[in-house]
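With mmCIF, N, CA and C atoms inside, this is model_17.cif:
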```
data_final
loop_
_atom_site.label_atom_id
_atom_site.label_comp_id
_atom_site.auth_asym_id
_atom_site.auth_seq_id
_atom_site.Cartn_x
_atom_site.Cartn_y
_atom_site.Cartn_z
N MET A 443 203.08 103.22 113.14
CA MET A 443 203.19 104.46 112.40
C MET A 443 202.21 104.39 111.22
N ILE A 444 201.51 105.50 111.00
CA ILE A 444 200.58 105.59 109.88
C ILE A 444 201.23 106.43 108.78
N VAL A 445 201.28 105.86 107.59
CA VAL A 445 201.88 106.53 106.44
C VAL A 445 200.79 106.78 105.41
N ARG A 446 200.74 108.00 104.91
CA ARG A 446 199.81 108.33 103.83
C ARG A 446 200.60 108.54 102.55
N ILE A 447 200.15 107.89 101.49
CA ILE A 447 200.66 108.18 100.15
C ILE A 447 199.60 109.07 99.52
N MET A 448 199.98 110.28 99.20
CA MET A 448 199.02 111.25 98.68
C MET A 448 198.30 110.67 97.45
N GLY A 449 196.99 110.78 97.47
CA GLY A 449 196.18 110.29 96.37
C GLY A 449 195.87 108.81 96.43
N GLU A 450 196.40 108.08 97.41
CA GLU A 450 196.18 106.64 97.48
C GLU A 450 195.49 106.20 98.76
N GLY A 451 195.96 106.64 99.90
CA GLY A 451 195.39 106.20 101.16
C GLY A 451 196.46 106.01 102.20
N GLN A 452 196.07 105.35 103.30
CA GLN A 452 196.96 105.19 104.44
C GLN A 452 197.35 103.73 104.62
N LEU A 453 198.56 103.55 105.16
CA LEU A 453 199.07 102.23 105.48
C LEU A 453 199.65 102.26 106.89
N LYS A 454 199.51 101.14 107.59
CA LYS A 454 200.13 101.00 108.90
C LYS A 454 201.48 100.33 108.69
N LEU A 455 202.51 100.96 109.23
CA LEU A 455 203.87 100.49 109.03
C LEU A 455 204.55 100.40 110.40
N ALA A 456 205.15 99.26 110.69
CA ALA A 456 205.87 99.11 111.96
C ALA A 456 207.04 100.10 111.99
N ASP A 457 207.25 100.74 113.14
CA ASP A 457 208.32 101.73 113.27
C ASP A 457 209.68 101.15 112.87
N GLY A 458 209.92 99.90 113.17
CA GLY A 458 211.19 99.27 112.83
C GLY A 458 211.45 99.17 111.34
N ARG A 459 210.43 99.33 110.54
CA ARG A 459 210.58 99.24 109.08
C ARG A 459 211.17 100.51 108.47
N LEU A 460 211.16 101.61 109.22
CA LEU A 460 211.66 102.87 108.67
C LEU A 460 213.12 102.78 108.25
N THR A 461 213.90 101.98 108.96
CA THR A 461 215.31 101.87 108.59
C THR A 461 215.46 101.29 107.19
N GLN A 462 214.54 100.45 106.77
CA GLN A 462 214.58 99.89 105.43
C GLN A 462 214.28 100.93 104.36
N LEU A 463 213.61 102.02 104.75
CA LEU A 463 213.25 103.07 103.80
C LEU A 463 214.29 104.19 103.74
N ASN A 464 215.14 104.28 104.75
CA ASN A 464 216.09 105.39 104.82
C ASN A 464 217.05 105.44 103.64
N GLU A 465 217.52 104.29 103.17
CA GLU A 465 218.45 104.27 102.05
C GLU A 465 217.81 104.87 100.80
N LEU A 466 216.57 104.50 100.54
CA LEU A 466 215.86 105.06 99.38
C LEU A 466 215.61 106.56 99.57
N ASP A 467 215.31 106.96 100.79
CA ASP A 467 215.10 108.38 101.07
C ASP A 467 216.38 109.17 100.83
N ASP A 468 217.50 108.66 101.31
CA ASP A 468 218.78 109.33 101.09
C ASP A 468 219.11 109.45 99.60
N GLU A 469 218.84 108.38 98.87
CA GLU A 469 219.07 108.39 97.42
C GLU A 469 218.18 109.42 96.73
N LEU A 470 216.93 109.48 97.16
CA LEU A 470 215.99 110.44 96.59
C LEU A 470 216.46 111.87 96.83
N LEU A 471 216.94 112.15 98.04
CA LEU A 471 217.45 113.48 98.35
C LEU A 471 218.65 113.84 97.48
N ALA A 472 219.55 112.91 97.29
CA ALA A 472 220.73 113.16 96.46
C ALA A 472 220.32 113.45 95.02
N GLU A 473 219.37 112.72 94.51
CA GLU A 473 218.90 112.95 93.14
C GLU A 473 218.22 114.30 93.01
N MET A 474 217.50 114.70 94.04
CA MET A 474 216.87 116.01 94.01
C MET A 474 217.92 117.11 94.01
N GLU A 475 218.93 116.96 94.86
CA GLU A 475 219.99 117.96 94.94
C GLU A 475 220.75 118.08 93.62
N ASN A 476 220.90 116.96 92.91
CA ASN A 476 221.61 116.95 91.64
C ASN A 476 220.71 117.26 90.45
N GLY A 477 219.41 117.40 90.69
CA GLY A 477 218.47 117.66 89.60
C GLY A 477 218.32 116.49 88.65
N ASP A 478 218.51 115.28 89.16
CA ASP A 478 218.43 114.06 88.36
C ASP A 478 216.97 113.61 88.25
N GLY A 479 216.26 114.18 87.28
CA GLY A 479 214.84 113.88 87.11
C GLY A 479 214.53 112.40 86.91
N PRO A 480 215.20 111.71 85.97
CA PRO A 480 214.91 110.29 85.77
C PRO A 480 215.25 109.44 87.00
N GLY A 481 216.36 109.74 87.66
CA GLY A 481 216.73 109.01 88.87
C GLY A 481 215.74 109.26 89.98
N PHE A 482 215.32 110.51 90.11
CA PHE A 482 214.32 110.88 91.11
C PHE A 482 213.04 110.09 90.89
N ARG A 483 212.58 110.06 89.66
CA ARG A 483 211.32 109.37 89.34
C ARG A 483 211.43 107.88 89.70
N ALA A 484 212.53 107.24 89.33
CA ALA A 484 212.72 105.81 89.60
C ALA A 484 212.80 105.55 91.10
N THR A 485 213.51 106.39 91.83
CA THR A 485 213.66 106.18 93.27
C THR A 485 212.36 106.46 94.01
N LEU A 486 211.62 107.47 93.59
CA LEU A 486 210.32 107.73 94.21
C LEU A 486 209.41 106.52 94.03
N GLN A 487 209.39 105.95 92.84
CA GLN A 487 208.56 104.76 92.59
C GLN A 487 209.01 103.60 93.48
N ALA A 488 210.33 103.43 93.64
CA ALA A 488 210.86 102.35 94.48
C ALA A 488 210.50 102.58 95.95
N LEU A 489 210.58 103.82 96.41
CA LEU A 489 210.23 104.15 97.80
C LEU A 489 208.76 103.85 98.06
N LEU A 490 207.89 104.29 97.17
CA LEU A 490 206.46 104.05 97.35
C LEU A 490 206.14 102.56 97.28
N ALA A 491 206.80 101.84 96.38
CA ALA A 491 206.58 100.39 96.27
C ALA A 491 207.00 99.69 97.56
N LYS A 492 208.10 100.13 98.16
CA LYS A 492 208.58 99.52 99.41
C LYS A 492 207.60 99.80 100.54
N VAL A 493 207.06 101.00 100.60
CA VAL A 493 206.06 101.33 101.63
C VAL A 493 204.83 100.44 101.45
N ARG A 494 204.40 100.27 100.21
CA ARG A 494 203.23 99.42 99.95
C ARG A 494 203.52 97.96 100.33
N GLU A 495 204.75 97.53 100.07
CA GLU A 495 205.15 96.15 100.38
C GLU A 495 205.21 95.91 101.89
N LEU A 496 205.77 96.85 102.63
CA LEU A 496 205.98 96.68 104.06
C LEU A 496 204.77 97.07 104.90
N GLY A 497 203.91 97.89 104.34
CA GLY A 497 202.77 98.40 105.09
C GLY A 497 201.51 97.59 104.90
N GLU A 498 200.60 97.77 105.83
CA GLU A 498 199.29 97.13 105.76
C GLU A 498 198.25 98.22 105.51
N PRO A 499 197.54 98.15 104.38
CA PRO A 499 196.55 99.20 104.08
C PRO A 499 195.47 99.29 105.15
N LEU A 500 195.13 100.52 105.51
CA LEU A 500 194.01 100.74 106.41
C LEU A 500 192.72 100.73 105.58
N PRO A 501 191.61 100.32 106.17
CA PRO A 501 190.35 100.35 105.44
C PRO A 501 190.03 101.76 104.96
N ASP A 502 189.38 101.86 103.82
CA ASP A 502 189.05 103.16 103.25
C ASP A 502 188.17 104.01 104.16
N ASP A 503 187.37 103.36 105.01
CA ASP A 503 186.49 104.13 105.89
C ASP A 503 187.17 104.53 107.20
N THR A 504 188.47 104.25 107.33
CA THR A 504 189.25 104.62 108.51
C THR A 504 190.13 105.80 108.16
N LEU A 505 190.13 106.80 109.03
CA LEU A 505 191.01 107.95 108.83
C LEU A 505 191.76 108.20 110.13
N GLU A 506 193.04 107.89 110.12
CA GLU A 506 193.92 108.07 111.26
C GLU A 506 194.84 109.27 110.99
N PRO A 507 195.32 109.94 112.03
CA PRO A 507 196.32 110.98 111.81
C PRO A 507 197.58 110.35 111.20
N SER A 508 198.09 110.94 110.16
CA SER A 508 199.27 110.40 109.48
C SER A 508 200.55 110.90 110.14
N ASP A 509 201.44 109.96 110.45
CA ASP A 509 202.75 110.31 111.01
C ASP A 509 203.71 110.73 109.91
N LEU A 510 203.47 110.25 108.72
CA LEU A 510 204.35 110.50 107.58
C LEU A 510 203.49 110.61 106.33
N ILE A 511 203.73 111.65 105.54
CA ILE A 511 202.99 111.83 104.29
C ILE A 511 203.99 111.80 103.14
N LEU A 512 203.78 110.88 102.21
CA LEU A 512 204.65 110.74 101.05
C LEU A 512 203.94 111.27 99.81
N PRO A 513 204.71 111.77 98.85
CA PRO A 513 204.10 112.32 97.64
C PRO A 513 203.44 111.24 96.80
N SER A 514 202.55 111.68 95.93
CA SER A 514 201.89 110.76 95.00
C SER A 514 202.91 110.24 93.99
N PRO A 515 202.62 109.11 93.37
CA PRO A 515 203.55 108.53 92.41
C PRO A 515 203.87 109.45 91.22
N ASP A 516 202.96 110.35 90.90
CA ASP A 516 203.18 111.24 89.75
C ASP A 516 203.69 112.63 90.15
N ALA A 517 204.11 112.78 91.40
CA ALA A 517 204.61 114.08 91.87
C ALA A 517 205.89 114.45 91.12
N THR A 518 206.03 115.73 90.84
CA THR A 518 207.23 116.21 90.16
C THR A 518 208.34 116.47 91.16
N LEU A 519 209.54 116.59 90.66
CA LEU A 519 210.68 116.90 91.50
C LEU A 519 210.44 118.19 92.26
N GLU A 520 209.88 119.19 91.61
CA GLU A 520 209.61 120.48 92.24
C GLU A 520 208.57 120.36 93.35
N GLU A 521 207.53 119.56 93.12
CA GLU A 521 206.50 119.37 94.14
C GLU A 521 207.08 118.70 95.38
N VAL A 522 207.93 117.73 95.17
CA VAL A 522 208.52 117.02 96.30
C VAL A 522 209.49 117.92 97.05
N ARG A 523 210.20 118.77 96.34
CA ARG A 523 211.09 119.72 97.01
C ARG A 523 210.31 120.57 98.01
N GLU A 524 209.10 120.95 97.65
CA GLU A 524 208.27 121.76 98.54
C GLU A 524 207.86 120.99 99.79
N LEU A 525 207.74 119.67 99.69
CA LEU A 525 207.33 118.84 100.83
C LEU A 525 208.48 118.60 101.81
N LEU A 526 209.68 118.72 101.33
CA LEU A 526 210.84 118.34 102.12
C LEU A 526 211.33 119.43 103.04
N SER A 527 211.80 118.98 104.17
CA SER A 527 212.63 119.85 105.01
C SER A 527 214.05 119.29 104.82
N ASP A 528 214.98 119.72 105.59
CA ASP A 528 216.34 119.20 105.49
C ASP A 528 216.44 117.75 105.93
N ASP A 529 215.37 117.21 106.50
CA ASP A 529 215.41 115.86 107.03
C ASP A 529 214.99 114.80 106.03
N GLY A 530 214.52 115.16 104.86
CA GLY A 530 214.06 114.16 103.90
C GLY A 530 212.62 113.76 104.16
N LEU A 531 212.18 112.77 103.44
CA LEU A 531 210.80 112.31 103.58
C LEU A 531 210.63 111.40 104.78
N ILE A 532 211.66 110.63 105.08
CA ILE A 532 211.59 109.65 106.16
C ILE A 532 212.27 110.23 107.40
N PRO A 533 211.58 110.33 108.52
CA PRO A 533 212.20 110.87 109.74
C PRO A 533 213.43 110.06 110.12
N GLY A 534 214.47 110.76 110.54
CA GLY A 534 215.68 110.09 111.00
C GLY A 534 216.68 109.79 109.92
N SER A 535 216.39 110.10 108.66
CA SER A 535 217.37 109.89 107.60
C SER A 535 218.08 111.21 107.31
N ALA A 536 219.03 111.14 106.44
CA ALA A 536 219.84 112.29 106.00
C ALA A 536 220.89 112.68 107.01
#
```
So that I can check it, write out the structure of this file as structure tokens.
Amino acid sequence: MIVRIMGEGQLKLADGRLTQLNELDDELLAEMENGDGPGFRATLQALLAKVRELGEPLPDDTLEPSDLILPSPDATLEEVRELLSDDGLIPGSA
């Protein structure tokens, strides 16, 4: 699976790793629903850090179709709301 972090680049992530991200995704959704700005910011940073930890960066000169696009680290709660469907950021969660 290819994951893009907006403004940063792409990472290759094994499909089996998505389950490790679902808990953070669920937490992020709950914070968005509750309007918890500080919690949202902290969880978004944790989610992106986990993707960076588990993923392998693709070379800058490689452009693959992204299976998953995550917001940039400085994205606002409102911007992320626009990116979401009812399924959350990570497929198969919620």
Fill in the blank from the handout: In Å and to one decimal, atom C of Arg446 of chain A is distant from atom C of Ala517 of chain A by 13.9 Å
Problem - Given only C-alpha atoms as the counted atoms, nearest of A:Ile444, A:Leu466, A:Met474, A:Leu453 to Arg523 of chain A - result: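 Among the listed residues, A:Met474 lies closest to Arg523 of chain A.
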Handout entry: Near-Leu500 of chain A list (8 Å; all atoms listed in the file; drop same-chain fewer than 5 positions) as a list of chain:residue names
Key = A:Gly451, A:Gln452, A:Leu453, A:Lys454, A:Leu505
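A straight line drawn from atom C of Met443 of chain A to atom CA of Leu455 of chain A is 4.8 Å long.
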Which parts of segment 451-533 of chain A does DSSP call strand (DSSP E) when run on the backbone here, written out as a PDB file with N, CA and C atoms, in the frame of the given file?
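Output file out-v7.pdb follows:
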```pdb
ATOM      1  N   GLY A 451     195.960 106.640  99.900  1.00  0.00           N
ATOM      2  CA  GLY A 451     195.390 106.200 101.160  1.00  0.00           C
ATOM      3  C   GLY A 451     196.460 106.010 102.200  1.00  0.00           C
ATOM      4  N   GLN A 452     196.070 105.350 103.300  1.00  0.00           N
ATOM      5  CA  GLN A 452     196.960 105.190 104.440  1.00  0.00           C
ATOM      6  C   GLN A 452     197.350 103.730 104.620  1.00  0.00           C
ATOM      7  N   LEU A 453     198.560 103.550 105.160  1.00  0.00           N
ATOM      8  CA  LEU A 453     199.070 102.230 105.480  1.00  0.00           C
ATOM      9  C   LEU A 453     199.650 102.260 106.890  1.00  0.00           C
ATOM     10  N   LYS A 454     199.510 101.140 107.590  1.00  0.00           N
ATOM     11  CA  LYS A 454     200.130 101.000 108.900  1.00  0.00           C
ATOM     12  C   LYS A 454     201.480 100.330 108.690  1.00  0.00           C
ATOM     13  N   GLU A 498     200.600  97.770 105.830  1.00  0.00           N
ATOM     14  CA  GLU A 498     199.290  97.130 105.760  1.00  0.00           C
ATOM     15  C   GLU A 498     198.250  98.220 105.510  1.00  0.00           C
ATOM     16  N   PRO A 499     197.540  98.150 104.380  1.00  0.00           N
ATOM     17  CA  PRO A 499     196.550  99.200 104.080  1.00  0.00           C
ATOM     18  C   PRO A 499     195.470  99.290 105.150  1.00  0.00           C
ATOM     19  N   LEU A 510     203.470 110.250 108.720  1.00  0.00           N
ATOM     20  CA  LEU A 510     204.350 110.500 107.580  1.00  0.00           C
ATOM     21  C   LEU A 510     203.490 110.610 106.330  1.00  0.00           C
ATOM     22  N   ILE A 511     203.730 111.650 105.540  1.00  0.00           N
ATOM     23  CA  ILE A 511     202.990 111.830 104.290  1.00  0.00           C
ATOM     24  C   ILE A 511     203.990 111.800 103.140  1.00  0.00           C
ATOM     25  N   LEU A 512     203.780 110.880 102.210  1.00  0.00           N
ATOM     26  CA  LEU A 512     204.650 110.740 101.050  1.00  0.00           C
ATOM     27  C   LEU A 512     203.940 111.270  99.810  1.00  0.00           C
TER      28      LEU A 512
END
```
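Proximity to Pro513 of chain A was assessed for A:Leu463, A:Leu470, A:Leu490, A:Ala484 counting only C-alpha atoms; the smallest distance is recorded for A:Leu490.
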Can you list, as a JSON list (two decimals) with N, CA and C atoms, in the coordinates of the input, every protein, DNA or RNA residue that comes within 8 Å of Gly479 of chain A when you count only N, CA and C atoms, leaving out same-chain residues fewer than 6 positions away?
```json
[["chain", "number", "residue", "atom", "x", "y", "z"],
["A", 473, "GLU", "N", 219.37, 112.72, 94.51],
["A", 473, "GLU", "CA", 218.90, 112.95, 93.14],
["A", 473, "GLU", "C", 218.22, 114.30, 93.01],
["A", 485, "THR", "N", 213.51, 106.39, 91.83],
["A", 485, "THR", "CA", 213.66, 106.18, 93.27],
["A", 485, "THR", "C", 212.36, 106.46, 94.01],
["A", 519, "LEU", "N", 209.54, 116.59, 90.66],
["A", 519, "LEU", "CA", 210.68, 116.90, 91.50],
["A", 519, "LEU", "C", 210.44, 118.19, 92.26]]
```
Practice task
To one decimal in Å, tell me the separation between atom CA of Glu506 of chain A and atom N of Ala456 of chain A.
Solution key: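 A separation of 14.3 Å between them.
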Practice task
Give the answer as one residue: which of A:Asp478, A:Ser514, A:Val493, A:Ala488 has the shortest atom-to-atom distance to Asp457 of chain A, using only C-alpha atoms?
Solution key: A:Val493
Problem - Proximity to Val522 of chain A - best of A:Thr461, A:Leu486, A:Asn476, A:Gly449, only C-alpha atoms - result: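 Among the listed residues, A:Leu486 lies closest to Val522 of chain A.
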Practice task
Would you please extract all helix (DSSP H, G or I) residues from chain A, as assigned by DSSP on the backbone, and give them as a ChimeraX atom specification?
Solution key: /A:457-476,479-496,519-525
Regenerate segment 499-517 of chain A at the level of N, CA, C and O atoms and dump it as a PDB file, in the coordinates of the input.
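So the final result, stored in part-v1.pdb, reads:
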```
ATOM      1  N   PRO A 499     197.540  98.150 104.380  1.00  0.00           N
ATOM      2  CA  PRO A 499     196.550  99.200 104.080  1.00  0.00           C
ATOM      3  C   PRO A 499     195.470  99.290 105.150  1.00  0.00           C
ATOM      4  O   PRO A 499     194.983  98.276 105.640  1.00  0.00           O
ATOM      5  N   LEU A 500     195.130 100.520 105.510  1.00  0.00           N
ATOM      6  CA  LEU A 500     194.010 100.740 106.410  1.00  0.00           C
ATOM      7  C   LEU A 500     192.720 100.730 105.580  1.00  0.00           C
ATOM      8  O   LEU A 500     192.733 101.119 104.413  1.00  0.00           O
ATOM      9  N   PRO A 501     191.610 100.320 106.170  1.00  0.00           N
ATOM     10  CA  PRO A 501     190.350 100.350 105.440  1.00  0.00           C
ATOM     11  C   PRO A 501     190.030 101.760 104.960  1.00  0.00           C
ATOM     12  O   PRO A 501     190.374 102.747 105.623  1.00  0.00           O
ATOM     13  N   ASP A 502     189.380 101.860 103.820  1.00  0.00           N
ATOM     14  CA  ASP A 502     189.050 103.160 103.250  1.00  0.00           C
ATOM     15  C   ASP A 502     188.170 104.010 104.160  1.00  0.00           C
ATOM     16  O   ASP A 502     188.233 105.230 104.110  1.00  0.00           O
ATOM     17  N   ASP A 503     187.370 103.360 105.010  1.00  0.00           N
ATOM     18  CA  ASP A 503     186.490 104.130 105.890  1.00  0.00           C
ATOM     19  C   ASP A 503     187.170 104.530 107.200  1.00  0.00           C
ATOM     20  O   ASP A 503     186.542 105.106 108.083  1.00  0.00           O
ATOM     21  N   THR A 504     188.470 104.250 107.330  1.00  0.00           N
ATOM     22  CA  THR A 504     189.250 104.620 108.510  1.00  0.00           C
ATOM     23  C   THR A 504     190.130 105.800 108.160  1.00  0.00           C
ATOM     24  O   THR A 504     190.810 105.800 107.136  1.00  0.00           O
ATOM     25  N   LEU A 505     190.130 106.800 109.030  1.00  0.00           N
ATOM     26  CA  LEU A 505     191.010 107.950 108.830  1.00  0.00           C
ATOM     27  C   LEU A 505     191.760 108.200 110.130  1.00  0.00           C
ATOM     28  O   LEU A 505     191.174 108.596 111.135  1.00  0.00           O
ATOM     29  N   GLU A 506     193.040 107.890 110.120  1.00  0.00           N
ATOM     30  CA  GLU A 506     193.920 108.070 111.260  1.00  0.00           C
ATOM     31  C   GLU A 506     194.840 109.270 110.990  1.00  0.00           C
ATOM     32  O   GLU A 506     195.149 109.554 109.830  1.00  0.00           O
ATOM     33  N   PRO A 507     195.320 109.940 112.030  1.00  0.00           N
ATOM     34  CA  PRO A 507     196.320 110.980 111.810  1.00  0.00           C
ATOM     35  C   PRO A 507     197.580 110.350 111.200  1.00  0.00           C
ATOM     36  O   PRO A 507     198.039 109.313 111.673  1.00  0.00           O
ATOM     37  N   SER A 508     198.090 110.940 110.160  1.00  0.00           N
ATOM     38  CA  SER A 508     199.270 110.400 109.480  1.00  0.00           C
ATOM     39  C   SER A 508     200.550 110.900 110.140  1.00  0.00           C
ATOM     40  O   SER A 508     200.705 112.090 110.374  1.00  0.00           O
ATOM     41  N   ASP A 509     201.440 109.960 110.450  1.00  0.00           N
ATOM     42  CA  ASP A 509     202.750 110.310 111.010  1.00  0.00           C
ATOM     43  C   ASP A 509     203.710 110.730 109.910  1.00  0.00           C
ATOM     44  O   ASP A 509     204.670 111.458 110.158  1.00  0.00           O
ATOM     45  N   LEU A 510     203.470 110.250 108.720  1.00  0.00           N
ATOM     46  CA  LEU A 510     204.350 110.500 107.580  1.00  0.00           C
ATOM     47  C   LEU A 510     203.490 110.610 106.330  1.00  0.00           C
ATOM     48  O   LEU A 510     202.606 109.787 106.110  1.00  0.00           O
ATOM     49  N   ILE A 511     203.730 111.650 105.540  1.00  0.00           N
ATOM     50  CA  ILE A 511     202.990 111.830 104.290  1.00  0.00           C
ATOM     51  C   ILE A 511     203.990 111.800 103.140  1.00  0.00           C
ATOM     52  O   ILE A 511     204.948 112.579 103.122  1.00  0.00           O
ATOM     53  N   LEU A 512     203.780 110.880 102.210  1.00  0.00           N
ATOM     54  CA  LEU A 512     204.650 110.740 101.050  1.00  0.00           C
ATOM     55  C   LEU A 512     203.940 111.270  99.810  1.00  0.00           C
ATOM     56  O   LEU A 512     202.712 111.210  99.714  1.00  0.00           O
ATOM     57  N   PRO A 513     204.710 111.770  98.850  1.00  0.00           N
ATOM     58  CA  PRO A 513     204.100 112.320  97.640  1.00  0.00           C
ATOM     59  C   PRO A 513     203.440 111.240  96.800  1.00  0.00           C
ATOM     60  O   PRO A 513     203.747 110.057  96.917  1.00  0.00           O
ATOM     61  N   SER A 514     202.550 111.680  95.930  1.00  0.00           N
ATOM     62  CA  SER A 514     201.890 110.760  95.000  1.00  0.00           C
ATOM     63  C   SER A 514     202.910 110.240  93.990  1.00  0.00           C
ATOM     64  O   SER A 514     203.953 110.865  93.762  1.00  0.00           O
ATOM     65  N   PRO A 515     202.620 109.110  93.370  1.00  0.00           N
ATOM     66  CA  PRO A 515     203.550 108.530  92.410  1.00  0.00           C
ATOM     67  C   PRO A 515     203.870 109.450  91.220  1.00  0.00           C
ATOM     68  O   PRO A 515     204.937 109.342  90.625  1.00  0.00           O
ATOM     69  N   ASP A 516     202.960 110.350  90.900  1.00  0.00           N
ATOM     70  CA  ASP A 516     203.180 111.240  89.750  1.00  0.00           C
ATOM     71  C   ASP A 516     203.690 112.630  90.150  1.00  0.00           C
ATOM     72  O   ASP A 516     203.738 113.541  89.331  1.00  0.00           O
ATOM     73  N   ALA A 517     204.110 112.780  91.400  1.00  0.00           N
ATOM     74  CA  ALA A 517     204.610 114.080  91.870  1.00  0.00           C
ATOM     75  C   ALA A 517     205.890 114.450  91.120  1.00  0.00           C
ATOM     76  O   ALA A 517     206.714 113.592  90.799  1.00  0.00           O
TER      77      ALA A 517
END
```
